[in-house]
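The structure under discussion appears below in the form of C-alpha cells.
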Amino acid sequence: MAILPILQYPDERLHKVAQKVEHIDQTTRKLVRDMAETMYSAPGIGLAATQVDKHIRLIVIDISETHDDLKVFINPELLDSQGEKVNEEGCLSVPGIYEKVSRAEFVTVRAQDEHGKSFTLQAEGLLAVCIQHEMDHLLGRVFVERLSHLKQTRIRAKLKKQRRETL
Ligand code: K1U
Ligand code: ZN
C-alpha cells in the first residue's frame, strides 16, 4: 500500500471533473487500498480520487472511530435528497479550516463497490454530509467554494500564511 500526496487548495487540479470508472479491476482495487491508507493516515473520514490527482468517480469513507468500516463508492449517483441541515465541515485539501455548510439532511446514493457490485445506501448525519462533500470533489468543487467570497478570500490568506510559516 502507499500513502498518496493530497492536492492542496487552491490547486487548479481540484476543479477537474471526474470521469466514470468503466472497468473495475485490480488497478481500481489498488487505488482503493492506497486511498484508504492515505485517508486513515491523514487522518480523515473521507477522500475523493480527485484529491489524489486521479480524476475518476471513486470515493472512500470511514466515519468509524475504529477504522473498520470502510465504504467504497464507485460511480456514485445521488438518487434522492431530503431536508436541509448546517454542519461544520473540514477538508484534507484545505487543512486547518473548518466552516459551517448547508447540505441535504438525508441522501440516497447508488454506487458500485470495489468488486463492481451495485448497491443503494440511505444516509443521514455525518455520513450524509461526508458523501455530499466527496461527491462535490468529483464535480471539481471544494467545500469553501460554497462560502461567501469574503470568507473564501480570508481562507486563502490564512492558508498562505500557514504555508509560509511551515516552510
Ligand atoms: O474530503 C476530505 O478532504 C475529507 C474530509 C471529509 C469531511 C469531514 C467533515 C465533514 C465533511 C467531510 C475530512 O476527513 S476532514 C478531517 C476530519 O473531519 C476528521 C479527521 C479526523 C477525525 C475525525 C474527523
Ligand atoms: Zn474535502
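If you're wondering about the labels, chains in the C-alpha cells are A, B, ... by order shown, residues count from 1 in each chain, ligands from 1 in order shown.
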Find the spatial neighbours of segment 38-48 of chain A, counting only C-alpha atoms, within a cut-off of 10 Å - ignore same-chain residues fewer than 5 positions away - and output them as a VMD selection string.
chain A and resid 1 to 6 18 32 to 33 53 to 65 67 70 to 73 90 to 93 126 to 127 130 to 131 133 to 138
How would the residues just chosen look if you wrote them out with C-alpha atoms as a short mmCIF file (atom, residue, chain, number, x, y, z; two decimals), in the first residue's frame?
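Everything below was put into out24.cif:
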```
data_model
loop_
_atom_site.label_atom_id
_atom_site.label_comp_id
_atom_site.auth_asym_id
_atom_site.auth_seq_id
_atom_site.Cartn_x
_atom_site.Cartn_y
_atom_site.Cartn_z
CA MET A 1 0.00 0.00 0.00
CA ALA A 2 1.06 3.61 -0.39
CA ILE A 3 0.29 7.00 1.05
CA LEU A 4 -0.58 9.33 -1.82
CA PRO A 5 0.06 13.11 -1.90
CA ILE A 6 -3.16 15.11 -1.38
CA ALA A 18 -14.02 13.11 -12.62
CA VAL A 32 -8.98 1.98 -3.28
CA ARG A 33 -6.43 0.46 -0.85
CA ASP A 53 -5.00 13.69 -8.68
CA LYS A 54 -6.92 10.71 -10.09
CA HIS A 55 -9.90 12.08 -11.99
CA ILE A 56 -12.27 9.12 -11.77
CA ARG A 57 -15.56 8.71 -9.87
CA LEU A 58 -14.24 6.92 -6.78
CA ILE A 59 -14.72 7.82 -3.11
CA VAL A 60 -13.70 6.15 0.17
CA ILE A 61 -15.37 6.96 3.51
CA ASP A 62 -14.96 5.61 7.03
CA ILE A 63 -16.67 7.60 9.80
CA SER A 64 -16.00 4.93 12.47
CA GLU A 65 -13.56 5.71 15.27
CA HIS A 67 -11.19 2.47 11.21
CA LEU A 70 -14.57 1.35 5.05
CA LYS A 71 -17.22 2.31 2.49
CA VAL A 72 -16.21 2.39 -1.19
CA PHE A 73 -18.35 4.27 -3.69
CA GLY A 90 -13.29 20.17 7.11
CA CYS A 91 -11.24 19.03 4.13
CA LEU A 92 -7.85 17.35 3.80
CA SER A 93 -7.19 19.64 0.80
CA LEU A 126 -22.13 12.73 9.34
CA LEU A 127 -22.22 10.00 6.67
CA CYS A 130 -19.40 13.29 4.02
CA ILE A 131 -20.99 11.64 0.94
CA HIS A 133 -18.75 16.66 0.37
CA GLU A 134 -16.89 13.89 -1.50
CA MET A 135 -19.36 13.89 -4.42
CA ASP A 136 -18.71 17.63 -4.75
CA HIS A 137 -14.98 16.84 -5.12
CA LEU A 138 -15.81 14.54 -8.06
#
```
Write out as a PDB file with N, CA, C and O atoms, in the first residue's frame all residues of segment 16-159 of chain A that DSSP puts in helix (DSSP H, G or I) for this structure's backbone.
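selection12.pdb, written as the output of this step:
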```
ATOM      1  N   GLN A  26      -8.102  -4.776 -10.964  1.00  0.00           N
ATOM      2  CA  GLN A  26      -7.033  -4.784  -9.940  1.00  0.00           C
ATOM      3  C   GLN A  26      -6.465  -3.383  -9.708  1.00  0.00           C
ATOM      4  O   GLN A  26      -6.134  -3.017  -8.583  1.00  0.00           O
ATOM      5  N   THR A  27      -6.352  -2.603 -10.811  1.00  0.00           N
ATOM      6  CA  THR A  27      -5.800  -1.247 -10.695  1.00  0.00           C
ATOM      7  C   THR A  27      -6.735  -0.376  -9.856  1.00  0.00           C
ATOM      8  O   THR A  27      -6.284   0.399  -8.997  1.00  0.00           O
ATOM      9  N   THR A  28      -8.044  -0.547 -10.063  1.00  0.00           N
ATOM     10  CA  THR A  28      -9.036   0.214  -9.273  1.00  0.00           C
ATOM     11  C   THR A  28      -8.911  -0.182  -7.796  1.00  0.00           C
ATOM     12  O   THR A  28      -8.915   0.666  -6.906  1.00  0.00           O
ATOM     13  N   ARG A  29      -8.810  -1.524  -7.559  1.00  0.00           N
ATOM     14  CA  ARG A  29      -8.755  -2.005  -6.168  1.00  0.00           C
ATOM     15  C   ARG A  29      -7.471  -1.564  -5.471  1.00  0.00           C
ATOM     16  O   ARG A  29      -7.478  -1.260  -4.281  1.00  0.00           O
ATOM     17  N   LYS A  30      -6.358  -1.444  -6.213  1.00  0.00           N
ATOM     18  CA  LYS A  30      -5.093  -0.953  -5.620  1.00  0.00           C
ATOM     19  C   LYS A  30      -5.267   0.521  -5.238  1.00  0.00           C
ATOM     20  O   LYS A  30      -4.844   0.947  -4.156  1.00  0.00           O
ATOM     21  N   LEU A  31      -5.945   1.295  -6.118  1.00  0.00           N
ATOM     22  CA  LEU A  31      -6.180   2.711  -5.795  1.00  0.00           C
ATOM     23  C   LEU A  31      -7.083   2.836  -4.563  1.00  0.00           C
ATOM     24  O   LEU A  31      -6.850   3.687  -3.698  1.00  0.00           O
ATOM     25  N   VAL A  32      -8.098   1.963  -4.458  1.00  0.00           N
ATOM     26  CA  VAL A  32      -8.984   1.978  -3.276  1.00  0.00           C
ATOM     27  C   VAL A  32      -8.150   1.761  -2.009  1.00  0.00           C
ATOM     28  O   VAL A  32      -8.283   2.495  -1.018  1.00  0.00           O
ATOM     29  N   ARG A  33      -7.252   0.758  -2.039  1.00  0.00           N
ATOM     30  CA  ARG A  33      -6.429   0.456  -0.849  1.00  0.00           C
ATOM     31  C   ARG A  33      -5.513   1.633  -0.514  1.00  0.00           C
ATOM     32  O   ARG A  33      -5.374   2.014   0.646  1.00  0.00           O
ATOM     33  N   ASP A  34      -4.898   2.226  -1.548  1.00  0.00           N
ATOM     34  CA  ASP A  34      -3.985   3.356  -1.317  1.00  0.00           C
ATOM     35  C   ASP A  34      -4.743   4.582  -0.798  1.00  0.00           C
ATOM     36  O   ASP A  34      -4.254   5.295   0.085  1.00  0.00           O
ATOM     37  N   MET A  35      -5.949   4.805  -1.345  1.00  0.00           N
ATOM     38  CA  MET A  35      -6.741   5.953  -0.869  1.00  0.00           C
ATOM     39  C   MET A  35      -7.181   5.741   0.580  1.00  0.00           C
ATOM     40  O   MET A  35      -7.201   6.683   1.373  1.00  0.00           O
ATOM     41  N   ALA A  36      -7.550   4.495   0.926  1.00  0.00           N
ATOM     42  CA  ALA A  36      -7.956   4.217   2.310  1.00  0.00           C
ATOM     43  C   ALA A  36      -6.777   4.473   3.246  1.00  0.00           C
ATOM     44  O   ALA A  36      -6.927   5.133   4.291  1.00  0.00           O
ATOM     45  N   GLU A  37      -5.603   3.990   2.872  1.00  0.00           N
ATOM     46  CA  GLU A  37      -4.424   4.190   3.727  1.00  0.00           C
ATOM     47  C   GLU A  37      -4.114   5.688   3.870  1.00  0.00           C
ATOM     48  O   GLU A  37      -3.792   6.174   4.957  1.00  0.00           O
ATOM     49  N   THR A  38      -4.242   6.415   2.774  1.00  0.00           N
ATOM     50  CA  THR A  38      -3.985   7.868   2.777  1.00  0.00           C
ATOM     51  C   THR A  38      -4.978   8.575   3.701  1.00  0.00           C
ATOM     52  O   THR A  38      -4.598   9.434   4.512  1.00  0.00           O
ATOM     53  N   MET A  39      -6.261   8.184   3.592  1.00  0.00           N
ATOM     54  CA  MET A  39      -7.307   8.793   4.432  1.00  0.00           C
ATOM     55  C   MET A  39      -7.065   8.502   5.915  1.00  0.00           C
ATOM     56  O   MET A  39      -7.108   9.406   6.745  1.00  0.00           O
ATOM     57  N   TYR A  40      -6.764   7.222   6.249  1.00  0.00           N
ATOM     58  CA  TYR A  40      -6.560   6.871   7.659  1.00  0.00           C
ATOM     59  C   TYR A  40      -5.328   7.575   8.233  1.00  0.00           C
ATOM     60  O   TYR A  40      -5.315   7.977   9.388  1.00  0.00           O
ATOM     61  N   SER A  41      -4.291   7.714   7.420  1.00  0.00           N
ATOM     62  CA  SER A  41      -3.054   8.280   7.975  1.00  0.00           C
ATOM     63  C   SER A  41      -3.131   9.795   8.088  1.00  0.00           C
ATOM     64  O   SER A  41      -2.375  10.399   8.844  1.00  0.00           O
ATOM     65  N   ALA A  49     -11.101  10.558  -5.194  1.00  0.00           N
ATOM     66  CA  ALA A  49      -9.947  10.307  -6.077  1.00  0.00           C
ATOM     67  C   ALA A  49      -9.362  11.623  -6.607  1.00  0.00           C
ATOM     68  O   ALA A  49      -8.148  11.760  -6.749  1.00  0.00           O
ATOM     69  N   THR A  50     -10.222  12.601  -6.864  1.00  0.00           N
ATOM     70  CA  THR A  50      -9.778  13.935  -7.325  1.00  0.00           C
ATOM     71  C   THR A  50      -8.661  14.483  -6.435  1.00  0.00           C
ATOM     72  O   THR A  50      -7.713  15.105  -6.934  1.00  0.00           O
ATOM     73  N   GLN A  51      -8.806  14.266  -5.109  1.00  0.00           N
ATOM     74  CA  GLN A  51      -7.847  14.857  -4.164  1.00  0.00           C
ATOM     75  C   GLN A  51      -6.452  14.239  -4.273  1.00  0.00           C
ATOM     76  O   GLN A  51      -5.483  14.821  -3.798  1.00  0.00           O
ATOM     77  N   VAL A  52      -6.376  13.042  -4.870  1.00  0.00           N
ATOM     78  CA  VAL A  52      -5.056  12.426  -5.068  1.00  0.00           C
ATOM     79  C   VAL A  52      -4.702  12.446  -6.567  1.00  0.00           C
ATOM     80  O   VAL A  52      -3.917  11.625  -7.048  1.00  0.00           O
ATOM     81  N   GLY A 125     -26.957  12.212   8.958  1.00  0.00           N
ATOM     82  CA  GLY A 125     -25.896  12.623   9.876  1.00  0.00           C
ATOM     83  C   GLY A 125     -24.573  12.815   9.157  1.00  0.00           C
ATOM     84  O   GLY A 125     -24.514  13.185   7.983  1.00  0.00           O
ATOM     85  N   LEU A 126     -23.475  12.489   9.873  1.00  0.00           N
ATOM     86  CA  LEU A 126     -22.130  12.729   9.344  1.00  0.00           C
ATOM     87  C   LEU A 126     -21.876  11.987   8.031  1.00  0.00           C
ATOM     88  O   LEU A 126     -21.201  12.511   7.131  1.00  0.00           O
ATOM     89  N   LEU A 127     -22.438  10.767   7.911  1.00  0.00           N
ATOM     90  CA  LEU A 127     -22.223  10.003   6.667  1.00  0.00           C
ATOM     91  C   LEU A 127     -22.840  10.734   5.465  1.00  0.00           C
ATOM     92  O   LEU A 127     -22.214  10.840   4.408  1.00  0.00           O
ATOM     93  N   ALA A 128     -24.036  11.285   5.661  1.00  0.00           N
ATOM     94  CA  ALA A 128     -24.698  12.024   4.562  1.00  0.00           C
ATOM     95  C   ALA A 128     -23.881  13.269   4.197  1.00  0.00           C
ATOM     96  O   ALA A 128     -23.709  13.585   3.013  1.00  0.00           O
ATOM     97  N   VAL A 129     -23.368  13.946   5.200  1.00  0.00           N
ATOM     98  CA  VAL A 129     -22.554  15.157   4.954  1.00  0.00           C
ATOM     99  C   VAL A 129     -21.306  14.774   4.167  1.00  0.00           C
ATOM    100  O   VAL A 129     -20.950  15.408   3.164  1.00  0.00           O
ATOM    101  N   CYS A 130     -20.661  13.713   4.628  1.00  0.00           N
ATOM    102  CA  CYS A 130     -19.396  13.291   4.016  1.00  0.00           C
ATOM    103  C   CYS A 130     -19.618  12.842   2.565  1.00  0.00           C
ATOM    104  O   CYS A 130     -18.843  13.204   1.667  1.00  0.00           O
ATOM    105  N   ILE A 131     -20.691  12.092   2.310  1.00  0.00           N
ATOM    106  CA  ILE A 131     -20.988  11.645   0.941  1.00  0.00           C
ATOM    107  C   ILE A 131     -21.151  12.863   0.024  1.00  0.00           C
ATOM    108  O   ILE A 131     -20.585  12.924  -1.070  1.00  0.00           O
ATOM    109  N   GLN A 132     -21.899  13.858   0.495  1.00  0.00           N
ATOM    110  CA  GLN A 132     -22.148  15.043  -0.350  1.00  0.00           C
ATOM    111  C   GLN A 132     -20.864  15.839  -0.577  1.00  0.00           C
ATOM    112  O   GLN A 132     -20.601  16.325  -1.684  1.00  0.00           O
ATOM    113  N   HIS A 133     -20.039  15.942   0.480  1.00  0.00           N
ATOM    114  CA  HIS A 133     -18.753  16.661   0.372  1.00  0.00           C
ATOM    115  C   HIS A 133     -17.848  15.967  -0.656  1.00  0.00           C
ATOM    116  O   HIS A 133     -17.252  16.622  -1.515  1.00  0.00           O
ATOM    117  N   GLU A 134     -17.783  14.629  -0.582  1.00  0.00           N
ATOM    118  CA  GLU A 134     -16.894  13.887  -1.500  1.00  0.00           C
ATOM    119  C   GLU A 134     -17.454  13.899  -2.929  1.00  0.00           C
ATOM    120  O   GLU A 134     -16.683  13.979  -3.898  1.00  0.00           O
ATOM    121  N   MET A 135     -18.782  13.835  -3.064  1.00  0.00           N
ATOM    122  CA  MET A 135     -19.356  13.891  -4.423  1.00  0.00           C
ATOM    123  C   MET A 135     -19.123  15.255  -5.053  1.00  0.00           C
ATOM    124  O   MET A 135     -18.939  15.368  -6.264  1.00  0.00           O
ATOM    125  N   ASP A 136     -19.088  16.296  -4.239  1.00  0.00           N
ATOM    126  CA  ASP A 136     -18.714  17.633  -4.745  1.00  0.00           C
ATOM    127  C   ASP A 136     -17.291  17.595  -5.325  1.00  0.00           C
ATOM    128  O   ASP A 136     -17.043  18.161  -6.383  1.00  0.00           O
ATOM    129  N   HIS A 137     -16.366  16.932  -4.605  1.00  0.00           N
ATOM    130  CA  HIS A 137     -14.976  16.845  -5.119  1.00  0.00           C
ATOM    131  C   HIS A 137     -14.968  16.236  -6.527  1.00  0.00           C
ATOM    132  O   HIS A 137     -14.220  16.681  -7.394  1.00  0.00           O
ATOM    133  N   LEU A 138     -15.806  15.207  -6.738  1.00  0.00           N
ATOM    134  CA  LEU A 138     -15.814  14.545  -8.056  1.00  0.00           C
ATOM    135  C   LEU A 138     -16.305  15.483  -9.159  1.00  0.00           C
ATOM    136  O   LEU A 138     -15.996  15.289 -10.332  1.00  0.00           O
ATOM    137  N   PHE A 143     -15.361  22.482  -0.737  1.00  0.00           N
ATOM    138  CA  PHE A 143     -16.437  22.994   0.140  1.00  0.00           C
ATOM    139  C   PHE A 143     -16.354  24.489   0.390  1.00  0.00           C
ATOM    140  O   PHE A 143     -17.377  25.150   0.537  1.00  0.00           O
ATOM    141  N   VAL A 144     -15.143  25.061   0.404  1.00  0.00           N
ATOM    142  CA  VAL A 144     -15.024  26.506   0.691  1.00  0.00           C
ATOM    143  C   VAL A 144     -15.687  27.338  -0.417  1.00  0.00           C
ATOM    144  O   VAL A 144     -16.065  28.486  -0.190  1.00  0.00           O
ATOM    145  N   GLU A 145     -15.845  26.728  -1.593  1.00  0.00           N
ATOM    146  CA  GLU A 145     -16.476  27.456  -2.703  1.00  0.00           C
ATOM    147  C   GLU A 145     -17.990  27.594  -2.509  1.00  0.00           C
ATOM    148  O   GLU A 145     -18.654  28.272  -3.288  1.00  0.00           O
ATOM    149  N   ARG A 146     -18.519  26.964  -1.453  1.00  0.00           N
ATOM    150  CA  ARG A 146     -19.929  27.150  -1.078  1.00  0.00           C
ATOM    151  C   ARG A 146     -20.084  28.317  -0.108  1.00  0.00           C
ATOM    152  O   ARG A 146     -21.190  28.644   0.301  1.00  0.00           O
ATOM    153  N   HIS A 149     -17.735  35.047  -0.859  1.00  0.00           N
ATOM    154  CA  HIS A 149     -16.451  35.439  -1.451  1.00  0.00           C
ATOM    155  C   HIS A 149     -15.517  36.005  -0.390  1.00  0.00           C
ATOM    156  O   HIS A 149     -14.308  35.777  -0.429  1.00  0.00           O
ATOM    157  N   LEU A 150     -16.101  36.743   0.562  1.00  0.00           N
ATOM    158  CA  LEU A 150     -15.277  37.330   1.636  1.00  0.00           C
ATOM    159  C   LEU A 150     -14.601  36.202   2.436  1.00  0.00           C
ATOM    160  O   LEU A 150     -13.389  36.244   2.684  1.00  0.00           O
ATOM    161  N   LYS A 151     -15.386  35.189   2.805  1.00  0.00           N
ATOM    162  CA  LYS A 151     -14.808  34.053   3.567  1.00  0.00           C
ATOM    163  C   LYS A 151     -13.743  33.339   2.745  1.00  0.00           C
ATOM    164  O   LYS A 151     -12.689  32.954   3.261  1.00  0.00           O
ATOM    165  N   GLN A 152     -13.999  33.160   1.439  1.00  0.00           N
ATOM    166  CA  GLN A 152     -13.011  32.461   0.584  1.00  0.00           C
ATOM    167  C   GLN A 152     -11.697  33.234   0.528  1.00  0.00           C
ATOM    168  O   GLN A 152     -10.620  32.654   0.579  1.00  0.00           O
ATOM    169  N   THR A 153     -11.800  34.567   0.439  1.00  0.00           N
ATOM    170  CA  THR A 153     -10.589  35.407   0.394  1.00  0.00           C
ATOM    171  C   THR A 153      -9.811  35.266   1.708  1.00  0.00           C
ATOM    172  O   THR A 153      -8.585  35.101   1.708  1.00  0.00           O
ATOM    173  N   ARG A 154     -10.565  35.285   2.819  1.00  0.00           N
ATOM    174  CA  ARG A 154      -9.906  35.158   4.142  1.00  0.00           C
ATOM    175  C   ARG A 154      -9.241  33.791   4.291  1.00  0.00           C
ATOM    176  O   ARG A 154      -8.146  33.674   4.838  1.00  0.00           O
ATOM    177  N   ILE A 155      -9.908  32.758   3.799  1.00  0.00           N
ATOM    178  CA  ILE A 155      -9.357  31.396   3.905  1.00  0.00           C
ATOM    179  C   ILE A 155      -8.084  31.283   3.077  1.00  0.00           C
ATOM    180  O   ILE A 155      -7.078  30.735   3.550  1.00  0.00           O
ATOM    181  N   ARG A 156      -8.093  31.826   1.864  1.00  0.00           N
ATOM    182  CA  ARG A 156      -6.887  31.761   1.010  1.00  0.00           C
ATOM    183  C   ARG A 156      -5.716  32.470   1.689  1.00  0.00           C
ATOM    184  O   ARG A 156      -4.594  31.976   1.687  1.00  0.00           O
ATOM    185  N   ALA A 157      -6.002  33.631   2.327  1.00  0.00           N
ATOM    186  CA  ALA A 157      -4.949  34.392   3.021  1.00  0.00           C
ATOM    187  C   ALA A 157      -4.411  33.578   4.210  1.00  0.00           C
ATOM    188  O   ALA A 157      -3.189  33.493   4.426  1.00  0.00           O
ATOM    189  N   LYS A 158      -5.331  32.935   4.948  1.00  0.00           N
ATOM    190  CA  LYS A 158      -4.925  32.132   6.115  1.00  0.00           C
ATOM    191  C   LYS A 158      -4.049  30.954   5.686  1.00  0.00           C
ATOM    192  O   LYS A 158      -3.030  30.645   6.326  1.00  0.00           O
ATOM    193  N   LEU A 159      -4.439  30.301   4.569  1.00  0.00           N
ATOM    194  CA  LEU A 159      -3.656  29.150   4.085  1.00  0.00           C
ATOM    195  C   LEU A 159      -2.259  29.584   3.633  1.00  0.00           C
ATOM    196  O   LEU A 159      -1.275  28.902   3.905  1.00  0.00           O
TER     197      LEU A 159
END
```
Identify which of the residues A:Leu121, A:Leu147, A:Leu79, A:Leu14 lies closest to ligand 1, counting only C-alpha atoms and all ligand atoms when measuring atom-to-atom distances.
A:Leu14
A:Leu139, A:Asn87, A:Arg164, A:Asp113: which is nearest Gln19 of chain A, counting only C-alpha atoms?
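The answer is A:Leu139, which sits nearest to Gln19 of chain A.
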In Å, rounded to a single decimal, give me how far atom CA of Lys85 of chain A is from atom CA of Gly140 of chain A.
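For atom CA of Gly140 of chain A relative to atom CA of Lys85 of chain A, the distance reads 22.3 Å.
The space separating atom CA of Glu99 of chain A from atom CA of Glu12 of chain A comes to 21.2 Å.
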Quick one: of A:Gly96, A:Pro10, A:Gln82, A:Glu89, who's nearest to Thr108 of chain A, counting only C-alpha atoms?
A:Gln82
In segment 19-109 of chain A, DSSP strand (DSSP E or B) residues written as a short mmCIF file (atom, residue, chain, number, x, y, z; two decimals) with N, CA, C and O atoms, in the first residue's frame:
```cif
data_model
loop_
_atom_site.label_atom_id
_atom_site.label_comp_id
_atom_site.auth_asym_id
_atom_site.auth_seq_id
_atom_site.Cartn_x
_atom_site.Cartn_y
_atom_site.Cartn_z
N GLN A 19 -14.23 11.34 -14.27
CA GLN A 19 -14.89 10.52 -15.30
C GLN A 19 -15.37 9.19 -14.71
O GLN A 19 -14.80 8.70 -13.73
N GLY A 46 -12.96 10.78 4.96
CA GLY A 46 -13.35 10.59 3.57
C GLY A 46 -12.23 11.04 2.65
O GLY A 46 -11.31 11.76 3.08
N LEU A 47 -12.28 10.58 1.40
CA LEU A 47 -11.31 11.02 0.40
C LEU A 47 -11.89 10.73 -0.98
O LEU A 47 -12.42 9.64 -1.22
N ALA A 48 -11.79 11.70 -1.86
CA ALA A 48 -12.23 11.52 -3.25
C ALA A 48 -10.98 11.36 -4.12
O ALA A 48 -9.94 11.98 -3.85
N ILE A 56 -11.25 10.14 -11.54
CA ILE A 56 -12.27 9.12 -11.77
C ILE A 56 -13.26 9.12 -10.60
O ILE A 56 -12.92 9.56 -9.49
N LEU A 58 -14.56 7.87 -7.86
CA LEU A 58 -14.24 6.92 -6.78
C LEU A 58 -14.06 7.70 -5.47
O LEU A 58 -13.35 8.70 -5.43
N ILE A 59 -14.74 7.20 -4.44
CA ILE A 59 -14.72 7.82 -3.11
C ILE A 59 -14.50 6.73 -2.07
O ILE A 59 -15.05 5.64 -2.19
N VAL A 60 -13.74 7.04 -1.01
CA VAL A 60 -13.70 6.15 0.17
C VAL A 60 -14.15 6.97 1.38
O VAL A 60 -13.83 8.15 1.49
N ILE A 61 -14.88 6.31 2.28
CA ILE A 61 -15.37 6.96 3.51
C ILE A 61 -15.30 5.96 4.65
O ILE A 61 -15.65 4.78 4.47
N LYS A 71 -16.17 2.32 3.53
CA LYS A 71 -17.22 2.31 2.49
C LYS A 71 -16.59 2.81 1.20
O LYS A 71 -15.94 3.86 1.19
N VAL A 72 -16.78 2.05 0.13
CA VAL A 72 -16.21 2.39 -1.19
C VAL A 72 -17.38 2.71 -2.12
O VAL A 72 -18.32 1.92 -2.23
N PHE A 73 -17.31 3.85 -2.75
CA PHE A 73 -18.35 4.27 -3.69
C PHE A 73 -17.69 4.51 -5.05
O PHE A 73 -16.90 5.44 -5.20
N ILE A 74 -18.01 3.65 -6.02
CA ILE A 74 -17.51 3.84 -7.38
C ILE A 74 -18.71 4.23 -8.25
O ILE A 74 -19.79 3.63 -8.14
N ASN A 75 -18.54 5.26 -9.06
CA ASN A 75 -19.61 5.81 -9.90
C ASN A 75 -20.86 6.16 -9.08
O ASN A 75 -21.98 5.74 -9.42
N PRO A 76 -20.70 6.89 -7.96
CA PRO A 76 -21.87 7.21 -7.13
C PRO A 76 -22.85 8.13 -7.85
O PRO A 76 -22.45 9.02 -8.60
N GLU A 77 -24.14 7.86 -7.61
CA GLU A 77 -25.21 8.71 -8.16
C GLU A 77 -26.15 9.07 -7.01
O GLU A 77 -26.55 8.17 -6.26
N LEU A 78 -26.51 10.33 -6.92
CA LEU A 78 -27.45 10.78 -5.90
C LEU A 78 -28.86 10.50 -6.40
O LEU A 78 -29.28 11.08 -7.41
N LEU A 79 -29.59 9.58 -5.73
CA LEU A 79 -30.94 9.23 -6.18
C LEU A 79 -31.98 10.14 -5.56
O LEU A 79 -33.02 10.42 -6.16
N ASP A 80 -31.72 10.55 -4.31
CA ASP A 80 -32.72 11.38 -3.61
C ASP A 80 -32.03 12.16 -2.50
O ASP A 80 -31.04 11.69 -1.94
N SER A 81 -32.54 13.34 -2.20
CA SER A 81 -32.05 14.10 -1.05
C SER A 81 -33.24 14.80 -0.42
O SER A 81 -34.16 15.23 -1.13
N GLN A 82 -33.23 14.86 0.91
CA GLN A 82 -34.35 15.43 1.66
C GLN A 82 -33.82 16.32 2.76
O GLN A 82 -32.79 16.03 3.36
N LYS A 85 -29.66 20.87 6.44
CA LYS A 85 -29.04 20.99 7.75
C LYS A 85 -27.68 21.66 7.61
O LYS A 85 -26.98 21.40 6.62
N VAL A 86 -27.31 22.47 8.60
CA VAL A 86 -26.00 23.12 8.59
C VAL A 86 -25.07 22.30 9.48
O VAL A 86 -25.42 21.96 10.61
N ASN A 87 -23.90 21.96 8.94
CA ASN A 87 -22.90 21.17 9.69
C ASN A 87 -21.53 21.80 9.50
O ASN A 87 -21.27 22.41 8.46
N GLU A 88 -20.66 21.56 10.46
CA GLU A 88 -19.27 22.01 10.30
C GLU A 88 -18.52 21.00 9.43
O GLU A 88 -18.66 19.79 9.61
N GLU A 89 -17.78 21.49 8.45
CA GLU A 89 -17.01 20.60 7.56
C GLU A 89 -15.54 20.97 7.57
O GLU A 89 -15.18 22.14 7.76
N GLU A 99 -15.58 25.07 8.57
CA GLU A 99 -16.63 26.08 8.34
C GLU A 99 -17.98 25.40 8.25
O GLU A 99 -18.08 24.23 7.85
N LYS A 100 -19.03 26.18 8.60
CA LYS A 100 -20.41 25.64 8.53
C LYS A 100 -20.93 25.70 7.09
O LYS A 100 -20.78 26.72 6.41
N VAL A 101 -21.51 24.58 6.65
CA VAL A 101 -22.04 24.46 5.29
C VAL A 101 -23.45 23.84 5.37
O VAL A 101 -23.68 22.94 6.18
N SER A 102 -24.36 24.35 4.54
CA SER A 102 -25.72 23.79 4.50
C SER A 102 -25.79 22.71 3.41
O SER A 102 -25.36 22.93 2.27
N ARG A 103 -26.35 21.57 3.78
CA ARG A 103 -26.48 20.43 2.83
C ARG A 103 -27.82 19.74 3.10
O ARG A 103 -28.46 19.97 4.13
N PHE A 106 -30.75 14.15 4.51
CA PHE A 106 -30.83 12.72 4.19
C PHE A 106 -30.53 12.55 2.70
O PHE A 106 -31.06 13.31 1.89
N VAL A 107 -29.74 11.55 2.38
CA VAL A 107 -29.47 11.28 0.95
C VAL A 107 -29.61 9.78 0.67
O VAL A 107 -29.38 8.94 1.55
N THR A 108 -29.97 9.48 -0.56
CA THR A 108 -29.96 8.09 -1.03
C THR A 108 -29.00 8.05 -2.21
O THR A 108 -29.14 8.84 -3.15
N VAL A 109 -28.02 7.16 -2.12
CA VAL A 109 -26.98 7.07 -3.15
C VAL A 109 -26.93 5.65 -3.70
O VAL A 109 -27.06 4.68 -2.95
#
```
Of the candidates A:Val94, A:Val17, A:Glu124, A:Phe119, which shows the shortest atom-to-atom distance to ligand 1, using only C-alpha atoms and all ligand atoms?
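Among the listed residues, A:Val94 lies closest to ligand 1.
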Pick the closest to Arg13 of chain A from A:Arg110, A:Lys117, A:Arg163, A:Arg141: which is it, counting only C-alpha atoms?
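When distances to Arg13 of chain A are compared using only C-alpha atoms, the smallest one comes from A:Arg141.
One finds atom CA of Val142 of chain A at 19.1 Å from atom CA of Glu84 of chain A.
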